[in-house]
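File shown: run-v8.txt. Contents: compact mmCIF, C-alpha atoms.
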```txt
# COMPACT_ATOMS: atom_id res chain seq x y z
CA MET A 1 -6.11 12.91 3.29
CA ARG A 2 -9.61 13.71 4.41
CA VAL A 3 -12.18 12.95 1.73
CA LYS A 4 -14.70 11.30 4.07
CA LYS A 5 -18.35 11.50 3.02
CA VAL A 6 -17.47 11.73 -0.68
CA LEU A 7 -15.31 8.63 -1.16
CA LEU A 8 -17.59 5.61 -1.11
CA TRP A 9 -17.04 4.23 -4.60
CA PHE A 10 -14.27 3.03 -7.09
CA VAL A 11 -12.88 0.28 -9.27
CA GLY A 12 -12.18 -2.98 -7.46
CA VAL A 13 -8.50 -3.11 -8.06
CA ILE A 14 -5.65 -3.59 -5.69
CA LEU A 15 -2.83 -1.71 -4.33
CA LEU A 16 -1.00 -2.61 -1.56
CA PHE A 17 0.34 -0.81 0.03
CA THR A 18 1.68 -0.12 3.29
CA ALA A 19 2.69 3.06 5.01
CA PRO A 20 5.75 5.23 4.25
CA LEU A 21 9.04 3.44 4.76
CA SER A 22 10.05 5.56 7.71
CA PHE A 23 8.45 8.21 9.84
CA ALA A 24 11.84 9.72 10.53
CA GLN A 25 13.39 9.85 7.08
CA GLU A 26 12.66 12.52 4.53
CA MET A 27 10.37 11.01 1.93
CA LYS A 28 11.70 10.43 -1.56
CA ASP A 29 10.47 8.58 -4.63
CA GLN A 30 10.75 4.83 -4.15
CA LEU A 31 9.99 1.99 -6.57
CA PHE A 32 8.42 -1.27 -5.41
CA VAL A 33 7.76 -4.60 -7.05
CA ILE A 34 4.43 -5.67 -5.58
CA HIS A 35 3.11 -9.21 -5.45
CA GLU A 36 -0.61 -9.42 -4.72
CA GLU A 37 -2.45 -12.56 -3.66
CA VAL A 38 -6.22 -12.90 -3.39
CA VAL A 39 -7.02 -15.66 -0.92
CA LYS A 40 -9.94 -18.09 -1.06
CA VAL A 41 -12.33 -17.09 1.72
CA ASP A 42 -12.84 -20.63 2.95
CA MET A 43 -9.09 -21.31 3.15
CA ILE A 44 -7.87 -18.20 4.96
CA GLY A 45 -6.66 -20.22 7.96
CA GLN A 46 -4.48 -22.49 5.84
CA TYR A 47 -3.15 -19.50 3.89
CA GLU A 48 -2.14 -17.74 7.09
CA LYS A 49 -0.43 -20.90 8.35
CA THR A 50 1.57 -21.49 5.17
CA SER A 51 2.46 -17.80 4.84
CA VAL A 52 4.05 -17.80 8.28
CA GLU A 53 5.88 -21.01 7.35
CA TRP A 54 7.12 -19.39 4.13
CA VAL A 55 8.94 -16.68 6.07
CA GLN A 56 10.81 -19.25 8.15
CA ILE A 57 11.58 -21.40 5.11
CA MET A 58 13.12 -18.42 3.32
CA HIS A 59 15.19 -17.52 6.38
CA ASP A 60 16.46 -21.08 6.58
CA ALA A 61 17.32 -20.98 2.87
CA GLY A 62 19.06 -17.61 3.17
CA LEU A 63 16.94 -15.74 0.64
CA ASP A 64 19.14 -12.88 -0.58
CA ILE A 65 16.49 -10.14 -0.63
CA SER A 66 16.77 -7.35 1.93
CA GLN A 67 13.08 -7.05 2.77
CA ILE A 68 9.57 -8.00 1.71
CA GLN A 69 6.91 -5.90 3.44
CA ALA A 70 3.49 -7.50 3.93
CA SER A 71 0.06 -5.95 4.41
CA GLN A 72 -3.48 -7.27 4.28
CA ARG A 73 -6.81 -5.81 3.21
CA ASP A 74 -10.03 -6.85 4.94
CA ASP A 75 -11.31 -8.33 1.67
CA PHE A 76 -8.58 -11.03 1.61
CA HIS A 77 -6.08 -9.20 -0.63
CA TYR A 78 -2.49 -9.56 0.59
CA TYR A 79 0.36 -7.37 -0.67
CA TYR A 80 4.09 -8.18 -0.58
CA LEU A 81 6.38 -5.25 -1.43
CA ILE A 82 10.01 -5.49 -2.50
CA PRO A 83 11.78 -2.10 -2.71
CA ILE A 84 14.04 -1.62 -5.73
CA SER A 85 16.30 1.27 -6.73
CA LYS A 86 15.90 0.89 -10.50
CA TYR A 87 14.04 -1.20 -13.08
CA ALA A 88 17.12 -3.31 -13.79
CA ASP A 89 16.79 -4.73 -10.26
CA ILE A 90 13.63 -6.59 -11.32
CA ASP A 91 15.66 -9.05 -13.41
CA GLY A 92 17.58 -10.14 -10.33
CA ILE A 93 14.62 -10.95 -8.07
CA PHE A 94 13.47 -14.25 -9.58
CA PRO A 95 16.99 -15.80 -9.68
CA LYS A 96 17.37 -15.03 -5.97
CA PHE A 97 14.19 -16.95 -5.19
CA GLN A 98 15.38 -19.82 -7.41
CA GLU A 99 18.71 -19.94 -5.60
CA ALA A 100 16.97 -20.12 -2.22
CA ILE A 101 14.57 -22.85 -3.35
CA LYS A 102 17.51 -25.00 -4.52
CA LYS A 103 18.65 -25.18 -0.89
CA ILE A 104 15.29 -26.53 0.35
CA ASP A 105 14.54 -30.24 0.52
CA LYS A 106 12.54 -31.06 -2.63
CA ASP A 107 9.84 -33.05 -0.85
CA LYS A 108 9.44 -30.35 1.80
CA TRP A 109 9.11 -27.61 -0.84
CA SER A 110 6.71 -29.67 -2.95
CA LYS A 111 4.45 -30.32 0.07
CA PHE A 112 4.56 -26.68 1.12
CA SER A 113 3.80 -25.39 -2.39
CA ALA A 114 0.80 -27.70 -2.76
CA GLU A 115 -0.64 -26.56 0.59
CA ASN A 116 -0.07 -22.87 -0.12
CA ASP A 117 -1.08 -22.77 -3.79
CA GLN A 118 -4.51 -24.29 -3.20
CA THR A 119 -5.43 -21.39 -0.87
CA ILE A 120 -4.93 -18.68 -3.53
CA GLU A 121 -7.66 -17.55 -5.89
CA THR A 122 -5.32 -15.48 -8.07
CA ASN A 123 -2.09 -13.48 -7.92
CA LYS A 124 -0.23 -10.85 -9.92
CA GLU A 125 2.83 -8.60 -9.92
CA PHE A 126 3.16 -4.93 -10.75
CA VAL A 127 5.44 -1.97 -10.11
CA ALA A 128 4.35 1.09 -8.15
CA ARG A 129 6.18 4.19 -7.02
CA ILE A 130 5.86 6.43 -3.99
CA SER A 131 5.64 10.04 -5.19
CA SER A 132 7.48 12.40 -2.87
CA ASP A 133 6.02 15.40 -4.73
CA LEU A 134 2.45 14.36 -3.95
CA SER A 135 2.81 12.58 -0.61
CA TYR A 136 2.60 14.48 2.66
CA GLU A 137 5.07 13.77 5.46
CA PRO A 138 4.44 15.96 8.54
CA LYS A 139 7.36 17.60 10.30
CA GLU A 140 6.15 16.13 13.57
CA PRO A 141 4.16 12.93 12.86
CA ARG A 142 1.46 12.16 15.38
CA LEU A 143 2.41 8.46 15.47
CA LYS A 144 5.61 6.64 16.22
CA GLN A 145 6.47 4.07 13.56
CA ASP A 146 5.68 1.07 15.78
CA GLU A 147 2.23 2.51 16.57
CA ALA A 148 1.04 2.32 12.95
CA LYS A 149 -0.95 -0.90 12.57
CA PHE A 150 -4.16 0.08 10.77
CA ILE A 151 -4.14 1.03 7.05
CA HIS A 152 -6.67 2.98 5.02
CA TRP A 153 -6.40 2.76 1.22
CA ILE A 154 -8.07 5.04 -1.31
CA PHE A 155 -7.83 3.99 -4.96
CA PHE A 156 -8.92 6.18 -7.81
CA ASN A 157 -8.81 6.16 -11.59
CA TYR A 158 -8.72 9.52 -13.30
CA LYS A 159 -9.55 10.60 -16.82
CA LEU A 160 -6.32 10.06 -18.70
CA GLU A 161 -6.48 13.39 -20.53
CA LYS A 162 -6.82 15.15 -17.15
CA ARG A 163 -3.59 13.82 -15.61
CA LYS A 164 -1.94 17.25 -15.36
CA GLU A 165 -4.98 18.74 -13.60
CA VAL A 166 -5.17 15.81 -11.17
CA MET A 167 -1.53 16.23 -10.20
CA GLU A 168 -2.01 19.95 -9.67
CA VAL A 169 -4.94 19.39 -7.29
CA LEU A 170 -2.98 16.78 -5.33
CA LYS A 171 -0.13 19.27 -4.95
CA GLU A 172 -2.61 21.84 -3.67
CA TRP A 173 -3.89 19.30 -1.16
CA LYS A 174 -0.38 18.64 0.06
CA LYS A 175 0.30 22.38 0.43
CA LEU A 176 -2.90 22.76 2.44
CA TYR A 177 -1.69 20.15 4.90
CA GLU A 178 1.72 21.79 5.06
CA ASP A 179 0.24 25.24 5.68
CA LYS A 180 -2.06 23.91 8.41
CA ASN A 181 0.74 21.81 9.89
CA ILE A 182 -1.42 18.67 9.95
CA SER A 183 0.32 15.95 11.97
CA HIS A 184 -1.31 13.10 10.00
CA GLY A 185 0.58 12.11 6.85
CA TYR A 186 -0.38 10.19 3.73
CA THR A 187 1.43 8.49 0.86
CA ILE A 188 0.57 8.75 -2.84
CA TRP A 189 1.39 5.76 -5.05
CA LEU A 190 1.65 5.99 -8.85
CA MET A 191 1.39 2.94 -11.09
CA ASP A 192 4.54 2.47 -13.16
CA MET A 193 3.97 -0.92 -14.77
CA GLY A 194 1.47 -3.78 -14.72
CA MET A 195 -1.61 -1.81 -13.66
CA ASP A 196 -3.82 0.87 -15.22
CA ASN A 197 -1.57 3.89 -15.78
CA ASN A 198 -4.40 6.22 -14.77
CA MET A 199 -4.64 4.72 -11.29
CA ILE A 200 -3.44 6.40 -8.13
CA ALA A 201 -3.55 5.00 -4.61
CA LEU A 202 -3.37 6.82 -1.30
CA THR A 203 -2.43 5.13 1.97
CA GLU A 204 -2.57 6.45 5.51
CA VAL A 205 -2.04 4.70 8.83
CA ALA A 206 -3.42 4.80 12.35
CA LYS A 207 -3.25 2.84 15.59
CA ASP A 208 -6.62 1.23 14.90
CA GLY A 209 -10.03 2.04 13.39
CA ILE A 210 -11.11 4.21 16.30
CA ASP A 211 -7.91 6.24 16.17
CA PHE A 212 -8.35 6.67 12.41
CA TYR A 213 -11.88 8.07 12.58
CA GLN A 214 -11.07 10.30 15.54
CA THR A 215 -8.11 11.69 13.62
CA MET A 216 -10.28 12.34 10.57
CA GLU A 217 -12.71 14.31 12.72
CA GLU A 218 -9.87 16.42 14.11
CA ILE A 219 -8.57 17.15 10.60
CA ASP A 220 -12.08 18.10 9.49
CA LYS A 221 -12.17 20.81 12.13
CA LYS A 222 -9.04 22.38 10.66
CA VAL A 223 -9.47 22.05 6.89
CA GLN A 224 -13.03 21.00 6.07
CA GLN A 225 -13.94 24.05 3.99
CA GLU A 226 -10.68 24.04 2.06
CA GLU A 227 -10.96 20.31 1.35
CA GLN A 228 -14.47 20.70 0.06
CA LYS A 229 -13.18 23.24 -2.47
CA LEU A 230 -10.35 20.90 -3.51
CA TRP A 231 -12.78 18.01 -3.84
CA ALA A 232 -14.94 20.17 -6.11
CA LYS A 233 -11.88 20.53 -8.35
CA LEU A 234 -10.83 16.89 -8.20
CA SER A 235 -14.09 14.97 -8.50
CA PRO A 236 -14.91 15.98 -12.13
CA LEU A 237 -11.49 14.63 -13.16
CA LEU A 238 -12.11 11.14 -11.77
CA MET A 239 -13.73 8.04 -13.22
CA ASN A 240 -14.18 5.97 -10.06
CA MET A 241 -12.94 5.46 -6.50
CA GLU A 242 -12.87 2.92 -3.71
CA GLN A 243 -11.86 2.75 -0.06
CA LYS A 244 -10.37 -0.30 1.65
CA TYR A 245 -9.18 -1.02 5.17
CA GLY A 246 -6.65 -3.43 6.58
CA LYS A 247 -3.45 -3.77 8.54
CA LEU A 248 0.29 -4.19 8.39
CA ARG A 249 1.48 -7.79 8.69
CA PRO A 250 4.98 -7.84 10.19
CA ASP A 251 4.52 -11.56 10.93
CA LEU A 252 4.27 -12.25 7.19
CA SER A 253 7.10 -9.88 6.27
CA TYR A 254 10.63 -11.00 5.44
CA TYR A 255 13.74 -9.13 6.57
CA LYS A 256 17.10 -10.63 5.68
CA LYS A 257 19.09 -11.53 8.77
```

This structure in structure tokens:
Amino acid sequence: MRVKKVLLWFVGVILLFTAPLSFAQEMKDQLFVIHEEVVKVDMIGQYEKTSVEWVQIMHDAGLDISQIQASQRDDFHYYYLIPISKYADIDGIFPKFQEAIKKIDKDKWSKFSAENDQTIETNKEFVARISSDLSYEPKEPRLKQDEAKFIHWIFFNYKLEKRKEVMEVLKEWKKLYEDKNISHGYTIWLMDMGMDNNMIALTEVAKDGIDFYQTMEEIDKKVQQEEQKLWAKLSPLLMNMEQKYGKLRPDLSYYKK
């Protein structure tokens, strides 16, 4: 979504998030349990080392979770996403980690935990949901899935009493992209539990920073006037906004073998 020049502020909260699950599949609502870690700046090297080790340790222990998708913001926030089909699935996640840890040598796990834990400033969990009604998935995406490495996040908090109006504007924005056949998609995330319920996040991906800004310029040429009108509708409904940049981290992601 092109909101360039007007989006240089917001609340310093987190939201993960990576790109849509698949460029080929039709988008649908999807719940995620999200674990966020904020890393100590002076210990980023050790955090990266132990995070790579964690993936191998969990493979060796046979962690019974299908996938954990990792992404990283440039301000040392790391997100780990576990897709779930329903809220009841949350109760089963922790026991699966416990079962895996039981299979690991106690001294090895104790040493690893001490090395990893000291690198983290804080962490939290929350539940977010991809909204298929508000997200835009182009019929012919400009990128192949393996080309998406760069992530742009936009977070915004809206006035709670204006929720209906906010959703209506976002639907208009999606329709604009559909009508103009924009080949660049974006994903809208709604907070379901554990975060401010008036927060929305938008994610979009690119090959790299240069590709992202060039793409934004191309979109501007097609929809700049219409987006300015939509922004005039949306901005009075918002409390604050923030933009963040980062990347997907397949090396820190876990996929059950």

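Put simply, atom CA of A:Pro83 is 13.5 Å away from atom CA of A:Asp192.
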
Item checked: Within 7 Å of A:Ala70 using only C-alpha atoms, minus same-chain residues under 3 positions, as a ChimeraX atom specification -> /A:79-81,248-250,252-253

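Remark: for A:Ile34, the closest of the candidate residues A:Ile65, A:Val127, A:Met241, A:Ile182 is A:Val127 (distances computed over all atoms listed in the file).
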
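Among the candidates A:Asp91, A:Asp208, A:Asp133, A:Glu53, the residue lying nearest to A:Trp109 is A:Glu53 (atoms considered: only C-alpha atoms).
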
Item checked: Long-range neighbours of A:Gly185 as a ChimeraX atom specification, 6 Å cut-off, all atoms listed in the file, 3 positions minimum in chain -> /A:136-138

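We find atom CA of A:Ser51 and atom CA of A:Lys86 to be spaced 27.7 Å apart.
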
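Of the residues under consideration (A:Leu31, A:Asp211, A:Lys159, A:Tyr255), A:Tyr255 shows the shortest atom-to-atom contact distance to A:Gln56 when counting all atoms listed in the file.
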
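Contact shell of A:Lys171 at 8 Å (all atoms listed in the file; same-chain neighbours under 4 positions omitted): Asp133, Leu134, Met167 and Lys175 of chain A.
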
Checklist line | Residue neighbourhood stretch 75-78 of chain A, 8 Å, all atoms listed in the file, exclusion window fewer than 3 positions, as a PyMOL selection string | finding: chain A and resi 14+16+36-41+44+70-72

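Distances to A:Lys257 were evaluated for A:Lys102, A:His59, A:Lys28, A:Lys222 using only C-alpha atoms, and the minimum falls at A:His59.
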
Next item on the list: Measuring atom to atom with only C-alpha atoms, identify which of A:Tyr177, A:Phe97, A:Trp153, A:Tyr87 is nearest to A:Gly246.
Entry: A:Trp153
